[in-house]
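Note: the block below is query-v4.cif and it holds mmCIF, C-alpha atoms.
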```cif
data_coords
#
loop_
_atom_site.label_atom_id
_atom_site.label_comp_id
_atom_site.auth_asym_id
_atom_site.auth_seq_id
_atom_site.Cartn_x
_atom_site.Cartn_y
_atom_site.Cartn_z
CA MET A 1422 158.41 76.98 131.72
CA LEU A 1423 161.41 78.49 133.49
CA ILE A 1424 161.06 81.65 135.58
CA PRO A 1425 164.12 83.82 136.31
CA CYS A 1426 163.63 84.59 140.01
CA PRO A 1427 165.63 87.73 140.88
CA HIS A 1428 166.74 86.12 144.16
CA CYS A 1429 167.21 82.46 143.30
CA GLY A 1430 168.08 82.33 139.61
CA THR A 1431 166.22 80.38 136.95
CA ARG A 1432 163.80 77.87 138.44
CA PRO A 1433 161.10 75.59 137.01
CA VAL A 1434 157.44 76.57 137.17
CA GLU A 1435 156.71 73.80 139.73
CA GLU A 1436 158.31 75.95 142.45
CA PHE A 1437 155.87 78.84 141.85
CA THR A 1438 152.26 79.59 142.75
CA PHE A 1439 150.29 81.82 140.39
CA LEU A 1440 147.87 84.39 141.76
CA GLY A 1441 146.62 86.15 138.64
CA ASP A 1442 146.45 89.44 136.76
CA ALA A 1443 148.85 92.04 138.17
CA THR A 1444 147.37 94.91 136.19
CA VAL A 1445 143.99 95.23 137.94
CA THR A 1446 143.62 98.11 140.37
CA ARG A 1447 141.76 97.80 143.65
CA PRO A 1448 138.82 100.23 143.87
CA THR A 1449 139.20 102.82 146.64
CA SER A 1450 135.50 103.55 147.15
CA LEU A 1451 133.39 101.53 149.61
CA GLU A 1452 130.12 103.16 148.45
CA PRO A 1453 127.34 100.80 147.23
CA SER A 1454 127.52 102.59 143.86
CA SER A 1455 131.00 101.15 143.32
CA MET A 1456 129.77 97.53 143.45
CA ASP A 1457 130.32 97.11 139.72
CA ALA A 1458 133.93 98.21 140.04
CA TRP A 1459 134.42 95.74 142.93
CA MET A 1460 132.73 92.95 140.98
CA ASP A 1461 135.11 93.64 138.12
CA TYR A 1462 138.16 93.77 140.42
CA VAL A 1463 137.38 90.63 142.42
CA TYR A 1464 135.84 88.27 139.86
CA LEU A 1465 136.10 89.33 136.25
CA ARG A 1466 139.30 88.49 134.41
CA ASP A 1467 140.41 88.56 130.80
CA ASN A 1468 142.00 85.42 129.45
CA PRO A 1469 144.34 86.88 126.87
CA ARG A 1470 146.30 84.93 124.31
CA GLY A 1471 149.68 86.61 124.22
CA ASP A 1472 151.41 88.96 126.64
CA TYR A 1473 150.27 88.70 130.25
CA THR A 1474 151.47 90.27 133.49
CA GLU A 1475 150.72 88.39 136.67
CA TYR A 1476 151.54 88.01 140.35
CA VAL A 1477 153.58 84.92 141.13
CA HIS A 1478 154.73 83.64 144.52
CA HIS A 1479 158.02 81.74 144.70
CA SER A 1480 156.45 79.43 147.26
CA GLY A 1481 158.98 76.64 146.73
CA GLY A 1482 161.97 78.96 147.01
CA CYS A 1483 162.61 82.40 148.48
CA ARG A 1484 158.88 82.97 149.22
CA ALA A 1485 158.98 86.40 147.56
CA TRP A 1486 156.15 87.84 145.51
CA LEU A 1487 157.11 88.55 141.90
CA VAL A 1488 155.49 90.19 138.91
CA VAL A 1489 156.14 88.03 135.87
CA LYS A 1490 155.61 89.12 132.29
CA ARG A 1491 155.07 86.15 130.02
CA ASN A 1492 153.42 85.09 126.81
CA THR A 1493 150.52 82.70 127.34
CA ASP A 1494 150.79 81.56 123.74
CA THR A 1495 154.51 80.78 123.40
CA HIS A 1496 155.33 80.35 127.13
CA GLU A 1497 158.20 82.80 126.71
CA VAL A 1498 159.00 84.65 129.93
CA ASP A 1499 160.08 88.29 129.49
CA SER A 1500 160.87 89.33 133.03
CA ALA A 1501 160.37 88.62 136.70
CA VAL A 1502 160.62 91.48 139.18
CA ALA A 1503 160.29 91.33 142.98
CA THR A 1504 157.23 93.33 144.07
CA LYS A 1505 159.23 94.65 147.02
CA THR A 1506 161.41 96.64 144.60
CA MET A 1507 158.43 98.05 142.66
CA LYS A 1508 156.56 101.26 143.31
CA ALA A 1509 153.09 100.90 144.81
CA LYS A 1510 150.18 101.48 142.43
CA THR A 1511 148.20 104.58 143.28
CA MET B 158 166.21 70.28 179.25
CA HIS B 159 167.61 67.88 176.68
CA ARG B 160 166.03 68.21 173.25
CA VAL B 161 165.50 65.07 171.21
CA SER B 162 165.95 65.05 167.43
CA SER B 163 162.84 64.10 165.48
CA LEU B 164 165.03 61.59 163.63
CA GLN B 165 166.37 60.03 166.85
CA THR B 166 164.65 56.69 166.27
CA ILE B 167 164.52 56.98 162.45
CA ALA B 168 168.13 57.68 161.43
CA ILE B 169 169.56 54.40 162.68
CA GLN B 170 173.33 54.09 162.32
CA GLY B 171 174.78 51.54 159.95
CA ARG B 172 175.44 50.63 156.35
CA PHE B 173 172.43 50.41 154.02
CA GLY B 174 171.58 50.02 150.34
CA ALA B 175 174.10 48.74 147.78
CA ASP B 176 176.72 46.89 149.82
CA LYS B 177 179.67 46.53 147.41
CA GLY B 178 182.69 48.84 147.80
CA ALA B 179 182.75 52.08 149.77
CA PRO B 180 179.38 53.75 150.46
CA GLY B 181 178.46 56.44 147.91
CA VAL B 182 177.27 58.85 150.58
CA THR B 183 177.33 59.30 154.34
CA LEU B 184 174.28 60.79 156.07
CA SER B 185 174.18 62.28 159.53
CA VAL B 186 171.75 64.35 161.54
CA VAL B 187 173.29 67.59 162.79
CA HIS B 188 171.99 67.70 166.34
CA PRO B 189 171.78 69.64 168.58
CA LEU B 190 172.02 72.83 166.56
CA ALA B 191 170.88 76.30 167.60
CA ILE B 192 169.14 78.05 164.69
CA ALA B 193 167.71 81.55 164.50
CA MET B 194 165.98 83.19 161.56
CA VAL B 195 166.94 86.81 161.05
CA ILE B 196 164.95 89.14 158.78
CA ALA B 197 166.11 92.69 158.07
CA ARG B 198 163.81 95.58 158.95
CA ASN B 199 162.89 97.96 156.14
CA GLY B 200 165.99 99.69 154.75
CA LYS B 201 168.37 97.82 157.07
CA SER B 202 169.80 95.29 154.58
CA LYS B 203 173.32 96.74 154.68
CA ALA B 204 173.31 97.29 158.45
CA LEU B 205 172.23 93.67 158.97
CA LYS B 206 174.96 92.32 156.68
CA ASP B 207 177.60 94.29 158.60
CA ALA B 208 176.23 93.22 161.98
CA LEU B 209 176.13 89.54 160.94
CA ALA B 210 179.70 89.72 159.64
CA SER B 211 180.93 90.77 163.09
CA LEU B 212 179.40 87.77 164.90
CA LYS B 213 181.75 85.09 166.22
CA SER B 214 181.47 81.27 166.23
CA VAL B 215 178.24 81.19 164.23
CA ASN B 216 177.35 80.21 160.67
CA VAL B 217 175.40 82.79 158.70
CA LEU B 218 173.48 81.32 155.77
CA TRP B 219 171.47 83.17 153.15
CA ALA B 220 167.79 82.19 153.42
CA GLY B 221 165.93 84.53 151.09
CA PRO B 222 166.00 88.26 150.30
CA ASP B 223 167.27 90.08 153.43
CA GLN B 224 166.80 86.85 155.40
CA TYR B 225 169.40 84.64 157.04
CA TYR B 226 169.69 81.54 159.18
CA VAL B 227 172.23 81.96 161.95
CA GLN B 228 173.41 78.61 163.27
CA SER B 229 175.68 77.52 166.06
CA ALA B 230 176.52 74.05 167.33
CA ALA B 231 178.56 75.49 170.22
CA LYS B 232 176.00 77.90 171.69
CA SER B 233 172.75 76.96 173.37
CA GLU B 234 169.57 77.98 171.55
CA ALA B 235 168.69 80.48 174.29
CA ALA B 236 172.18 81.99 174.24
CA LEU B 237 172.15 82.40 170.46
CA TYR B 238 168.67 83.91 170.45
CA THR B 239 169.46 86.35 173.25
CA GLU B 240 172.74 87.40 171.66
CA LEU B 241 171.11 88.10 168.29
CA LYS B 242 168.14 89.84 169.86
CA THR B 243 170.52 92.23 171.66
CA LYS B 244 173.02 92.80 168.86
CA LEU B 245 170.43 93.17 166.10
CA ALA B 246 167.98 95.38 167.99
CA ASN B 247 166.24 97.77 165.56
CA ILE B 248 168.06 96.17 162.62
CA ALA B 249 166.30 92.83 162.27
CA SER B 250 163.56 90.58 163.61
CA VAL B 251 164.87 87.40 165.23
CA THR B 252 162.98 84.14 165.75
CA ASP B 253 164.29 80.94 167.31
CA GLN B 254 164.00 78.03 164.86
CA SER B 255 166.06 75.44 166.75
CA HIS B 256 163.00 73.25 167.39
CA GLY B 257 161.46 73.96 164.03
CA ARG B 258 164.05 72.58 161.65
CA ILE B 259 166.13 69.44 161.24
CA THR B 260 169.50 69.58 159.53
CA ILE B 261 170.93 66.58 157.69
CA ARG B 262 174.50 66.41 156.41
CA ILE B 263 175.18 64.45 153.25
CA SER B 264 178.74 63.82 152.10
CA GLY B 265 180.66 61.51 149.81
CA PRO B 266 181.46 61.07 146.12
CA LYS B 267 177.80 60.49 145.19
CA ALA B 268 176.29 63.36 147.25
CA ARG B 269 175.69 65.51 144.18
CA ALA B 270 174.20 62.60 142.25
CA VAL B 271 171.72 61.87 145.05
CA LEU B 272 170.62 65.50 145.39
CA ALA B 273 170.38 66.03 141.63
CA LYS B 274 167.50 63.54 141.65
CA GLY B 275 165.46 65.95 143.74
CA THR B 276 166.37 69.52 142.91
CA PRO B 277 166.50 71.61 139.73
CA ILE B 278 169.44 73.61 141.15
CA ASP B 279 172.72 73.26 139.26
CA LEU B 280 175.01 71.78 141.94
CA TYR B 281 178.16 71.96 139.79
CA THR B 282 180.93 73.53 141.89
CA ASP B 283 181.31 76.64 139.70
CA GLU B 284 177.58 77.41 139.92
CA PHE B 285 177.08 76.37 143.52
CA PRO B 286 180.36 76.97 145.40
CA VAL B 287 181.21 76.12 149.02
CA GLY B 288 179.32 78.40 151.41
CA LYS B 289 176.44 79.08 149.05
CA SER B 290 172.87 78.42 150.19
CA ALA B 291 169.65 78.09 148.22
CA LEU B 292 165.98 77.46 148.87
CA THR B 293 164.31 74.79 146.80
CA GLN B 294 162.03 71.77 146.93
CA MET B 295 162.88 68.09 146.97
CA ALA B 296 160.07 65.52 146.88
CA HIS B 297 157.59 68.40 147.47
CA VAL B 298 159.36 69.36 150.71
CA GLY B 299 160.86 72.83 151.09
CA VAL B 300 164.61 72.42 151.57
CA HIS B 301 167.30 74.90 152.54
CA ILE B 302 170.51 73.56 151.00
CA THR B 303 174.08 74.72 151.69
CA ARG B 304 177.31 73.46 150.19
CA THR B 305 179.79 72.91 153.02
CA GLY B 306 182.52 71.15 151.03
CA LYS B 307 183.38 69.84 147.55
CA ASP B 308 181.29 66.73 148.17
CA GLU B 309 179.41 67.84 151.27
CA PHE B 310 176.04 69.56 151.71
CA THR B 311 173.67 70.30 154.56
CA LEU B 312 169.93 70.06 154.05
CA SER B 313 167.52 71.77 156.42
CA VAL B 314 163.80 70.94 156.42
CA PHE B 315 160.83 71.63 158.69
CA ARG B 316 160.88 69.21 161.61
CA GLY B 317 157.42 67.89 160.73
CA PHE B 318 158.64 66.84 157.28
CA SER B 319 161.88 65.29 158.52
CA GLU B 320 160.70 61.67 158.65
CA SER B 321 159.14 61.78 155.19
CA PHE B 322 162.19 63.59 153.79
CA TRP B 323 164.57 61.09 155.38
CA GLU B 324 162.65 58.25 153.77
CA TRP B 325 162.92 59.90 150.36
CA LEU B 326 166.60 60.78 150.79
CA THR B 327 167.62 57.29 151.87
CA SER B 328 165.70 55.64 149.04
CA GLN B 329 167.51 57.89 146.55
CA ALA B 330 170.86 57.04 148.17
CA ALA B 331 170.20 53.29 148.26
CA GLU B 332 171.55 52.57 144.76
CA PHE B 333 174.96 54.01 145.74
CA GLY B 334 175.02 52.48 149.21
CA TYR B 335 174.89 54.78 152.23
CA GLN B 336 176.31 54.98 155.71
CA VAL B 337 174.36 56.61 158.52
CA SER B 338 176.68 57.94 161.20
#
```
Kindly return the structure encoded in the file as structure tokens.
Amino acid sequence: MLIPCPHCGTRPVEEFTFLGDATVTRPTSLEPSSMDAWMDYVYLRDNPRGDYTEYVHHSGGCRAWLVVKRNTDTHEVDSAVATKTMKAKT
Amino acid sequence: MHRVSSLQTIAIQGRFGADKGAPGVTLSVVHPLAIAMVIARNGKSKALKDALASLKSVNVLWAGPDQYYVQSAAKSEAALYTELKTKLANIASVTDQSHGRITIRISGPKARAVLAKGTPIDLYTDEFPVGKSALTQMAHVGVHITRTGKDEFTLSVFRGFSESFWEWLTSQAAEFGYQVS
């Protein structure tokens, strides 16, 4: 799988470290009643076949965090965007 | 105080590997070399680029988004650090890396062939022209590579990996014959 790093150009997957789902949102509440939301955020993940958006670190290159959209079925990579250039999730 | 290269007793001068004809590559350790890492503060990318362009007798190499290595063989590490710290105040963070990294120069007709064994980067001249730098991995070691001539590159690795990297590099160069100078 080749990932088009916005800083380094196209590089092989060996240079990258995958973190996981980039679509989950961190709960804001620290109340005990929000434990389920935290459980979901920290541990529970879907394992979709098809389109997937995830955080990827270019650890063997520019060391920037990226958000990569790819297809887990075909290994096609749609896009890779540096998180620094993205708007923070609210 | 005199600083000793971590490859001082490893990179022994001489002719090694295939011994027929001219050596395919020449390897040398670039030492001493003052190195500083410079990282732009938020929103200061352009200001940093302009400030770096006005510096004299230093090499400025791209080392990631808004990050640069500034190198000088002529200046002492303290002088380089102090100069950058003063000139880049409020524009960038500066850290001295002179002790942290080892720079190896590889040149000769087979330089590209040796490096191609380790990196996925396209080192063809049109894609990777003189003066361009990139960050990659060779033999699982993070390498900062710069093309300094048609058949000449410099490779910079963490000091702690230098011995292991040297061993890998020389074993890749052995089939072409290499000169350590």
Within 12 Å of chain B, which residues of chain A come that close, and what is the closest atom pair and distance in Å for each? Count all atoms listed in the file and give it as a tab-separated table.
```
residue	atom	partner	partner_atom	distance
A:Leu1423	CA	B:Pro277	CA	10.6
A:Cys1426	CA	B:Pro222	CA	11.2
A:Pro1427	CA	B:Pro222	CA	9.4
A:His1428	CA	B:Pro222	CA	6.5
A:Cys1429	CA	B:Ala291	CA	7.0
A:Gly1430	CA	B:Ile278	CA	9.0
A:Thr1431	CA	B:Ile278	CA	8.6
A:Arg1432	CA	B:Pro277	CA	6.9
A:Pro1433	CA	B:Pro277	CA	7.2
A:Val1434	CA	B:Pro277	CA	10.6
A:Glu1435	CA	B:Gln294	CA	9.2
A:Glu1436	CA	B:Gln294	CA	7.2
A:Phe1437	CA	B:Thr293	CA	10.6
A:His1479	CA	B:Thr293	CA	9.6
A:Ser1480	CA	B:Gly299	CA	8.8
A:Gly1481	CA	B:Thr293	CA	5.6
A:Gly1482	CA	B:Leu292	CA	4.7
A:Cys1483	CA	B:Gly221	CA	4.7
A:Arg1484	CA	B:Gly221	CA	7.5
A:Ala1485	CA	B:Pro222	CA	7.8
A:Trp1486	CA	B:Pro222	CA	11.0
A:Ala1503	CA	B:Pro222	CA	9.8
A:Thr1504	CA	B:Pro222	CA	11.9
A:Lys1505	CA	B:Pro222	CA	9.9
A:Thr1506	CA	B:Pro222	CA	11.1
```
- Message: Please compute the CA of Ser321 (chain B)-CA of Ile169 (chain B) distance, one decimal, in Å.
- Response: 14.8 Å
- Would you kindly return, as a PyMOL selection string, each protein, DNA or RNA residue with an atom no farther than 10 Å from any atom of Pro286 (chain B), considering all atoms listed in the file and excluding same-chain residues fewer than 3 positions away? chain B and resi 280-283+289-290+303-307
- Rounded to one decimal place, report the CA of Met1507 (chain A)-CA of His1478 (chain A) distance in Å.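 It comes out at 15.0 Å.
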- Non-local contacts of Thr1474 (chain A) (9 Å; only C-alpha atoms; under 6 positions in same chain excluded) as a list in words: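 Within the cut-off, the hits are Gly1441, Asp1442, Ala1443, Thr1444, Val1488, Val1489, Lys1490, Arg1491 and Asn1492 of chain A.
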- Message: Suppose a student applies the PyMOL selection byres ((chain B and resi 259) around 10) to this structure; what residues should they get, written as a list of chain:residue names?
- Response: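 Checking the PyMOL selection byres ((chain B and resi 259) around 10) against this file, the residues are B:Ser162, B:Ser163, B:Leu164, B:Val186, B:Val187, B:His188, B:Pro189, B:Leu190, B:Ile192, B:Gln254, B:Ser255, B:His256, B:Gly257, B:Arg258, B:Thr260, B:Ile261, B:Leu312, B:Ser313, B:Val314, B:Phe315, B:Arg316, B:Gly317, B:Phe318, B:Ser319, B:Glu320.
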- Task: Quick one: pull the distance between CA of Val195 (chain B) and CA of Leu212 (chain B), Å, one decimal.
- Result: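 Rounded to one decimal, the two atoms are 13.1 Å apart.
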- Item | Distance criterion (all atoms listed in the file): nearest to Leu1440 (chain A) out of A:Asp1499, A:Leu1487, A:Pro1453, A:Ile1424 | A:Leu1487
- Query: Near Arg172 (chain B), within 12 Å and counting only C-alpha atoms, which residues show up once chain neighbours fewer than 5 positions away are dropped, as a list in words?
  - Reply: Lys177, Gly178, Ala179, Pro180, Gly181, Val182, Thr183, Leu184, Thr327, Ala330, Ala331, Phe333, Gly334, Tyr335, Gln336, Val337 and Ser338 of chain B
Output the residue selection produced by the PyMOL selection byres ((chain A and resi 1447) around 10) on the file above, formatted as a PDB file with C-alpha atoms, in the coordinates of the input.
```
ATOM      1  CA  THR A1444     147.370  94.910 136.190  1.00  0.00           C
ATOM      2  CA  VAL A1445     143.990  95.230 137.940  1.00  0.00           C
ATOM      3  CA  THR A1446     143.620  98.110 140.370  1.00  0.00           C
ATOM      4  CA  PRO A1448     138.820 100.230 143.870  1.00  0.00           C
ATOM      5  CA  THR A1449     139.200 102.820 146.640  1.00  0.00           C
ATOM      6  CA  SER A1450     135.500 103.550 147.150  1.00  0.00           C
ATOM      7  CA  ALA A1458     133.930  98.210 140.040  1.00  0.00           C
ATOM      8  CA  TRP A1459     134.420  95.740 142.930  1.00  0.00           C
ATOM      9  CA  ASP A1461     135.110  93.640 138.120  1.00  0.00           C
ATOM     10  CA  TYR A1462     138.160  93.770 140.420  1.00  0.00           C
ATOM     11  CA  VAL A1463     137.380  90.630 142.420  1.00  0.00           C
ATOM     12  CA  LYS A1510     150.180 101.480 142.430  1.00  0.00           C
ATOM     13  CA  THR A1511     148.200 104.580 143.280  1.00  0.00           C
TER      14      THR A1511
END
```
- Surrounding residues of Ile196 (chain B) excluding itself and chain neighbours under 2 positions, 7 Å, all atoms listed in the file, as a list in words: Met194, Arg198, Asp223, Gln224, Tyr225, Ala249, Ser250 and Val251 of chain B
- Message: Quick check on the file I pasted: which residues fall under the PyMOL selection byres ((chain B and resi 271) around 9)? Write them as JSON, numbers by chain.
- Response: {"B": [182, 267, 268, 269, 270, 272, 273, 274, 275, 326, 329, 330, 333]}
